[in-house]
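Q: Encoded as structure tokens, here's the structure I'll be asking about.
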Amino acid sequence: MSYSHNTMGSGSRTARRTFEFGRTHVVRPKGKHQATIVWLHGLGDNGSTWSQLLESLPLPNIKWICPTAPTRPVALLGGFPYSAWFDVGELSADGPDDWEGLDASAAHIANLLSTEPSDVKVGIGGFSMGAAMALYSATAFALGRYGNGNPYNINLRAIVGLSGWLPGSRCLRNKIEVSHEAARRAASLPIMLGHGTCDDVVPYKYGEISVHSLSVAGFRNLSFKNYEGIGHYTVPKEMNEAIDAALNEDQLNVPAVASSVPLSALAKANRGISRPSGQVLTLGVCTSLVSGRFFTKGNHTIPSGFGRYMFFQ
């Protein structure tokens with residue numbers, strides 16, 4: 001599916017950017033359909049990777065929708081094309097935000113939820129850049145509009161963000177404070193964030209900064225948990241706690257997640273990844289910056305498989 005947005009170019013000429021989204025993978029509920037969660041992958045990944053994991057989670061009443069981001073040049077990675085929900089040049093409160101890309105992806109995600117039955121609770125979650133996209137959608141829900149002013153019409157009931165950050169944090173508080181309705185929506189939305197203390201891709205401090213920015217902006221139903229010694233990946237415990245906090249505390253009436261996710265289930269998402277034979281390994285969601293796998297393109301060294309599942313010791 002494609003989305004077009006108008007931008008003003010030189011000489012006041014209007015330029016049109018079209019975003020072509022990749023394949024969407026759907027994991028249908030095995031029991032009564034009570035909730036639908038759109039889960040968003042990280043930079044350079046795709047929806048298939050996460051759908052294989054989510055299919056094996058012990059959550060029979062949840063429908064999972066796993067879209068794939070457009071392939072676009074990413075400034076952070078030397079301008080080379082990767083699947084990305086928006087362009088990013090640096091993780092900094094002072095860095096520019098790609099509002100056009102953020103709005104296009106948020107609209108695509110909202111469109112995926114727009115046809116869900118009215119009695120089904122809907123939410124958005126994600127890892128890394130996917131978490132950033134989920135949080136941007138949360139701010140659009142609170143404000144009732146996208147950054148471009150178009151109305152946001154999805155009644156979100158839960159947000160989950162793992163190892164991510166909050167785009168557009170600089171002016172969020174001012175935007176929400178001027179609207180009683182925005183303040184009400186912000187205060188009512190359950191948000192669960194998790195971050196590894198040893199994350200060297202999206203450093204832990206950005207998780208703390210995001211929580212602070214959301215809190216001062218009026219998001220009251222906010223939970224943040226740090227995971228000691230964890231890098232830029234997720235582990236079964238974090239997945240369990242994140243889903244429990246965001247879904248069950250929102251009274252979605254879905255059964256609690258089992259105490260641990262079987263590694264055999266997690267391994268389904270790791271097909272095609274090579275690993276040393278004869279070693280006992282656990283599974284996480286890991287970037288190549290952690291695994292040390294790179295490839296060279298031109299004069300640049302670029303991380304390979306950024307944000308994908310990998311086995312690590």
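Labeling convention for the structure tokens: chains A, B, ... as they appear, residues from 1 per chain, ligands from 1 in order of appearance.
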Give me every strand (DSSP E or B) residue in region 5-175 of chain A, going by DSSP on the backbone, as number ranges by chain.
A: A: 5-8, 14-20, 25-27, 35-40, 62-66, 71-73, 81-83, 121-127, 145, 151, 156-162
Q: Can you tell me which residues surround region 198-211 of chain A at a distance of at most 9 Å, considering only C-alpha atoms, apart from same-chain residues fewer than 2 positions away, and format the answer as a PyMOL selection string?
A: chain A and resi 91-92+128+162-167+169+193-196+213-216+222-224+226-233+287+289-290
Q: Could the residues in this selection be saved with N, CA, C and O atoms as a compact mmCIF listing (two decimals), in the first residue's frame?
A:
# COMPACT_ATOMS: atom_id res chain seq x y z
N LEU A 91 20.02 10.27 17.06
CA LEU A 91 19.13 10.16 18.21
C LEU A 91 19.45 11.31 19.15
O LEU A 91 20.32 11.23 20.01
N SER A 92 18.75 12.41 18.97
CA SER A 92 19.00 13.60 19.77
C SER A 92 17.74 14.42 19.84
O SER A 92 16.98 14.52 18.87
N SER A 128 12.64 -1.01 19.03
CA SER A 128 13.61 -0.08 18.47
C SER A 128 12.89 1.02 17.67
O SER A 128 12.08 1.76 18.24
N LEU A 162 9.71 -1.26 23.20
CA LEU A 162 10.90 -1.93 23.70
C LEU A 162 12.14 -1.35 23.01
O LEU A 162 12.23 -1.36 21.79
N SER A 163 13.07 -0.85 23.81
CA SER A 163 14.36 -0.35 23.31
C SER A 163 14.20 0.75 22.27
O SER A 163 14.89 0.77 21.25
N GLY A 164 13.30 1.67 22.53
CA GLY A 164 13.02 2.72 21.56
C GLY A 164 13.24 4.12 22.10
O GLY A 164 13.93 4.33 23.10
N TRP A 165 12.62 5.09 21.44
CA TRP A 165 12.72 6.49 21.85
C TRP A 165 11.47 7.22 21.38
O TRP A 165 10.67 6.69 20.61
N LEU A 166 11.30 8.45 21.85
CA LEU A 166 10.13 9.25 21.52
C LEU A 166 10.48 10.32 20.50
O LEU A 166 11.19 11.28 20.82
N PRO A 167 9.98 10.21 19.27
CA PRO A 167 10.19 11.29 18.29
C PRO A 167 9.32 12.50 18.64
O PRO A 167 8.24 12.37 19.23
N SER A 169 9.69 14.98 20.77
CA SER A 169 9.47 15.22 22.19
C SER A 169 9.57 16.69 22.58
O SER A 169 9.04 17.10 23.61
N LEU A 193 6.98 0.68 28.67
CA LEU A 193 8.26 0.79 28.01
C LEU A 193 9.29 -0.07 28.73
O LEU A 193 9.32 -0.12 29.97
N GLY A 194 10.15 -0.73 27.96
CA GLY A 194 11.24 -1.52 28.51
C GLY A 194 12.53 -1.19 27.79
O GLY A 194 12.53 -0.91 26.58
N HIS A 195 13.67 -1.21 28.52
CA HIS A 195 14.95 -0.85 27.90
C HIS A 195 16.08 -1.53 28.63
O HIS A 195 16.12 -1.56 29.86
N GLY A 196 17.03 -2.07 27.88
CA GLY A 196 18.21 -2.69 28.45
C GLY A 196 19.23 -1.64 28.88
O GLY A 196 19.48 -0.67 28.15
N SER A 213 9.74 12.79 29.14
CA SER A 213 9.00 13.65 28.21
C SER A 213 7.52 13.29 28.19
O SER A 213 6.65 14.18 28.17
N LEU A 214 7.22 12.00 28.17
CA LEU A 214 5.82 11.57 28.19
C LEU A 214 5.14 11.95 29.50
O LEU A 214 3.99 12.40 29.51
N SER A 215 5.86 11.78 30.61
CA SER A 215 5.28 12.07 31.91
C SER A 215 4.94 13.55 32.07
O SER A 215 3.83 13.90 32.49
N VAL A 216 5.87 14.42 31.73
CA VAL A 216 5.62 15.86 31.89
C VAL A 216 4.58 16.35 30.90
O VAL A 216 3.94 17.39 31.13
N LEU A 222 1.75 5.27 32.81
CA LEU A 222 3.03 5.02 32.17
C LEU A 222 3.88 4.10 33.04
O LEU A 222 4.03 4.32 34.24
N SER A 223 4.42 3.06 32.42
CA SER A 223 5.26 2.11 33.13
C SER A 223 6.58 1.96 32.39
O SER A 223 6.60 1.81 31.17
N PHE A 224 7.68 2.01 33.14
CA PHE A 224 9.01 1.88 32.54
C PHE A 224 9.83 0.91 33.37
O PHE A 224 9.92 1.03 34.59
N ASN A 226 13.66 -1.17 33.51
CA ASN A 226 14.99 -1.39 32.94
C ASN A 226 15.38 -2.84 33.13
O ASN A 226 14.94 -3.51 34.06
N TYR A 227 16.21 -3.31 32.22
CA TYR A 227 16.68 -4.70 32.23
C TYR A 227 18.20 -4.68 32.32
O TYR A 227 18.89 -4.36 31.35
N GLU A 228 18.70 -4.99 33.51
CA GLU A 228 20.12 -4.90 33.80
C GLU A 228 20.93 -5.85 32.92
O GLU A 228 20.62 -7.04 32.81
N GLY A 229 21.97 -5.30 32.30
CA GLY A 229 22.88 -6.11 31.50
C GLY A 229 22.40 -6.45 30.10
O GLY A 229 23.11 -7.11 29.34
N ILE A 230 21.20 -6.02 29.74
CA ILE A 230 20.63 -6.34 28.42
C ILE A 230 21.01 -5.25 27.42
O ILE A 230 20.96 -4.07 27.72
N GLY A 231 21.41 -5.67 26.22
CA GLY A 231 21.77 -4.74 25.17
C GLY A 231 20.58 -4.42 24.28
O GLY A 231 19.44 -4.38 24.74
N HIS A 232 20.84 -4.21 22.99
CA HIS A 232 19.77 -3.82 22.07
C HIS A 232 19.10 -5.07 21.50
O HIS A 232 19.26 -5.43 20.33
N TYR A 233 18.39 -5.74 22.36
CA TYR A 233 17.63 -6.92 21.99
C TYR A 233 16.58 -7.14 23.07
O TYR A 233 16.59 -6.48 24.12
N THR A 287 20.68 -6.27 17.14
CA THR A 287 21.19 -5.62 15.94
C THR A 287 22.58 -6.12 15.65
O THR A 287 23.28 -6.63 16.51
N LEU A 289 25.04 -4.37 15.28
CA LEU A 289 26.01 -3.59 16.02
C LEU A 289 26.41 -4.33 17.28
O LEU A 289 27.51 -4.13 17.81
N VAL A 290 25.52 -5.17 17.80
CA VAL A 290 25.84 -5.99 18.95
C VAL A 290 26.55 -7.27 18.50
O VAL A 290 27.53 -7.70 19.08
Q: Within 9 Å of Pro29 (chain A), counting only C-alpha atoms, which residues qualify if same-chain residues fewer than 2 places away don't, as a PDB file with C-alpha atoms, in the first residue's frame?
A:
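Resulting contents of result_19.pdb:
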ATOM      1  CA  VAL A  27      -1.455 -13.767  13.101  1.00  0.00           C
ATOM      2  CA  GLY A  31      -9.576 -18.181  20.672  1.00  0.00           C
ATOM      3  CA  LYS A  32     -12.138 -15.416  21.065  1.00  0.00           C
ATOM      4  CA  HIS A  33     -10.948 -12.241  19.364  1.00  0.00           C
ATOM      5  CA  GLN A  34     -10.693  -9.622  22.124  1.00  0.00           C
ATOM      6  CA  ALA A  35      -7.721  -7.477  21.127  1.00  0.00           C
ATOM      7  CA  THR A  36      -5.716  -6.505  18.059  1.00  0.00           C
ATOM      8  CA  GLU A  55       2.303 -16.687  16.497  1.00  0.00           C
ATOM      9  CA  LEU A  59      -2.122 -15.279  23.841  1.00  0.00           C
ATOM     10  CA  PRO A  60      -5.007 -16.969  22.016  1.00  0.00           C
ATOM     11  CA  ASN A  61      -7.357 -13.969  22.122  1.00  0.00           C
ATOM     12  CA  ILE A  62      -5.051 -11.465  20.430  1.00  0.00           C
ATOM     13  CA  LYS A  63      -4.795 -10.790  16.732  1.00  0.00           C
ATOM     14  CA  TRP A  64      -1.342  -9.569  15.690  1.00  0.00           C
TER      15      TRP A  64
END
Q: Nearest to Trp39 (chain A): which of A:Ala134, A:Arg23, A:Gly89, A:Gln52 is it, counting only C-alpha atoms?
A: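 The shortest atom-to-atom distance to Trp39 (chain A) comes from A:Ala134.
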Q: Excluding Met129 (chain A) and any residue of its chain fewer than 6 positions from it, enumerate the residues within 9 Å of it, using only C-alpha atoms, and give them as a list in words.
A: Leu40, His41, Gly42, Leu43, Ala84, Trp85, Phe86, Ser163, Gly164, Trp165 and Gly307 of chain A
Q: Enumerate the residues of region 67-282 of chain A with a DSSP assignment of helix (DSSP H, G or I), computed from the backbone, and present them as a PyMOL selection string.
A: chain A and resi 75-77+99-113+129-143+172-177+180-188+204-217+236-248+263-270
Q: Name the closest residue to His180 (chain A) among the candidates A:Ala142, A:Ala106, A:Ala158, A:Met192; distances are taken between atoms, counting only C-alpha atoms.
A: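 Closest candidate: A:Ala142.
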Q: With only C-alpha atoms as the counted atoms, please give the residues lying no more than 7 Å from Gly168 (chain A), apart from itself and same-chain residues fewer than 3 positions off, as a JSON list (two decimals) with all heavy atoms, in the first residue's frame.
A:
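Saved result, out.json, follows:
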[["chain", "number", "residue", "atom", "x", "y", "z"],
["A", 97, "ASP", "N", 13.18, 15.98, 13.06],
["A", 97, "ASP", "CA", 12.23, 14.87, 12.99],
["A", 97, "ASP", "C", 11.65, 14.80, 11.58],
["A", 97, "ASP", "O", 11.29, 15.82, 10.99],
["A", 97, "ASP", "CB", 11.10, 15.05, 14.00],
["A", 97, "ASP", "CG", 11.56, 14.88, 15.43],
["A", 97, "ASP", "OD1", 12.06, 13.80, 15.75],
["A", 97, "ASP", "OD2", 11.43, 15.83, 16.23],
["A", 171, "CYS", "N", 8.28, 19.58, 21.62],
["A", 171, "CYS", "CA", 7.11, 20.46, 21.77],
["A", 171, "CYS", "C", 5.86, 19.71, 22.20],
["A", 171, "CYS", "O", 4.76, 20.26, 22.17],
["A", 171, "CYS", "CB", 6.85, 21.20, 20.46],
["A", 171, "CYS", "SG", 6.76, 20.12, 19.01],
["A", 172, "LEU", "N", 6.02, 18.46, 22.63],
["A", 172, "LEU", "CA", 4.84, 17.64, 22.95],
["A", 172, "LEU", "C", 4.05, 18.22, 24.12],
["A", 172, "LEU", "O", 2.82, 18.30, 24.08],
["A", 172, "LEU", "CB", 5.28, 16.21, 23.26],
["A", 172, "LEU", "CG", 4.16, 15.23, 23.62],
["A", 172, "LEU", "CD1", 3.16, 15.11, 22.48],
["A", 172, "LEU", "CD2", 4.74, 13.86, 23.96]]
Q: Between CA of Arg157 (chain A) and CA of Asn240 (chain A), what distance in Å does the model show, to one decimal?
A: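 Going from CA of Arg157 (chain A) over to CA of Asn240 (chain A), I get 18.1 Å.
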Q: Could you pull the residues within 10 Å of Gly79 (chain A), counting only C-alpha atoms, minus those fewer than 5 positions along the same chain, as a PDB file with N, CA, C and O atoms, in the first residue's frame?
A:
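Listing of result.pdb after writing:
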ATOM      1  N   ARG A  72      13.622   2.955   2.242  1.00  0.00           N
ATOM      2  CA  ARG A  72      13.941   4.352   1.976  1.00  0.00           C
ATOM      3  C   ARG A  72      15.384   4.633   2.382  1.00  0.00           C
ATOM      4  O   ARG A  72      15.965   3.913   3.200  1.00  0.00           O
ATOM      5  N   PRO A  73      15.997   5.691   1.864  1.00  0.00           N
ATOM      6  CA  PRO A  73      17.332   6.075   2.329  1.00  0.00           C
ATOM      7  C   PRO A  73      17.274   6.479   3.801  1.00  0.00           C
ATOM      8  O   PRO A  73      16.356   7.179   4.233  1.00  0.00           O
ATOM      9  N   VAL A  74      18.249   6.030   4.578  1.00  0.00           N
ATOM     10  CA  VAL A  74      18.302   6.337   6.001  1.00  0.00           C
ATOM     11  C   VAL A  74      19.592   7.095   6.281  1.00  0.00           C
ATOM     12  O   VAL A  74      20.694   6.567   6.087  1.00  0.00           O
ATOM     13  N   ASP A  87      12.746   8.472   8.356  1.00  0.00           N
ATOM     14  CA  ASP A  87      14.178   8.723   8.252  1.00  0.00           C
ATOM     15  C   ASP A  87      14.688   9.243   9.595  1.00  0.00           C
ATOM     16  O   ASP A  87      13.979   9.948  10.322  1.00  0.00           O
ATOM     17  N   VAL A  88      15.902   8.882   9.927  1.00  0.00           N
ATOM     18  CA  VAL A  88      16.506   9.353  11.174  1.00  0.00           C
ATOM     19  C   VAL A  88      17.984   9.596  10.920  1.00  0.00           C
ATOM     20  O   VAL A  88      18.665   8.777  10.295  1.00  0.00           O
ATOM     21  N   GLY A  89      18.449  10.743  11.391  1.00  0.00           N
ATOM     22  CA  GLY A  89      19.846  11.079  11.213  1.00  0.00           C
ATOM     23  C   GLY A  89      20.650  10.928  12.480  1.00  0.00           C
ATOM     24  O   GLY A  89      21.820  10.567  12.458  1.00  0.00           O
TER      25      GLY A  89
END
Q: For Leu112 (chain A), which residue among A:Ala245, A:Ile124, A:Ala182, A:Ala217 is the nearest when counting only C-alpha atoms?
A: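 For Leu112 (chain A), the nearest of the given residues is A:Ile124.
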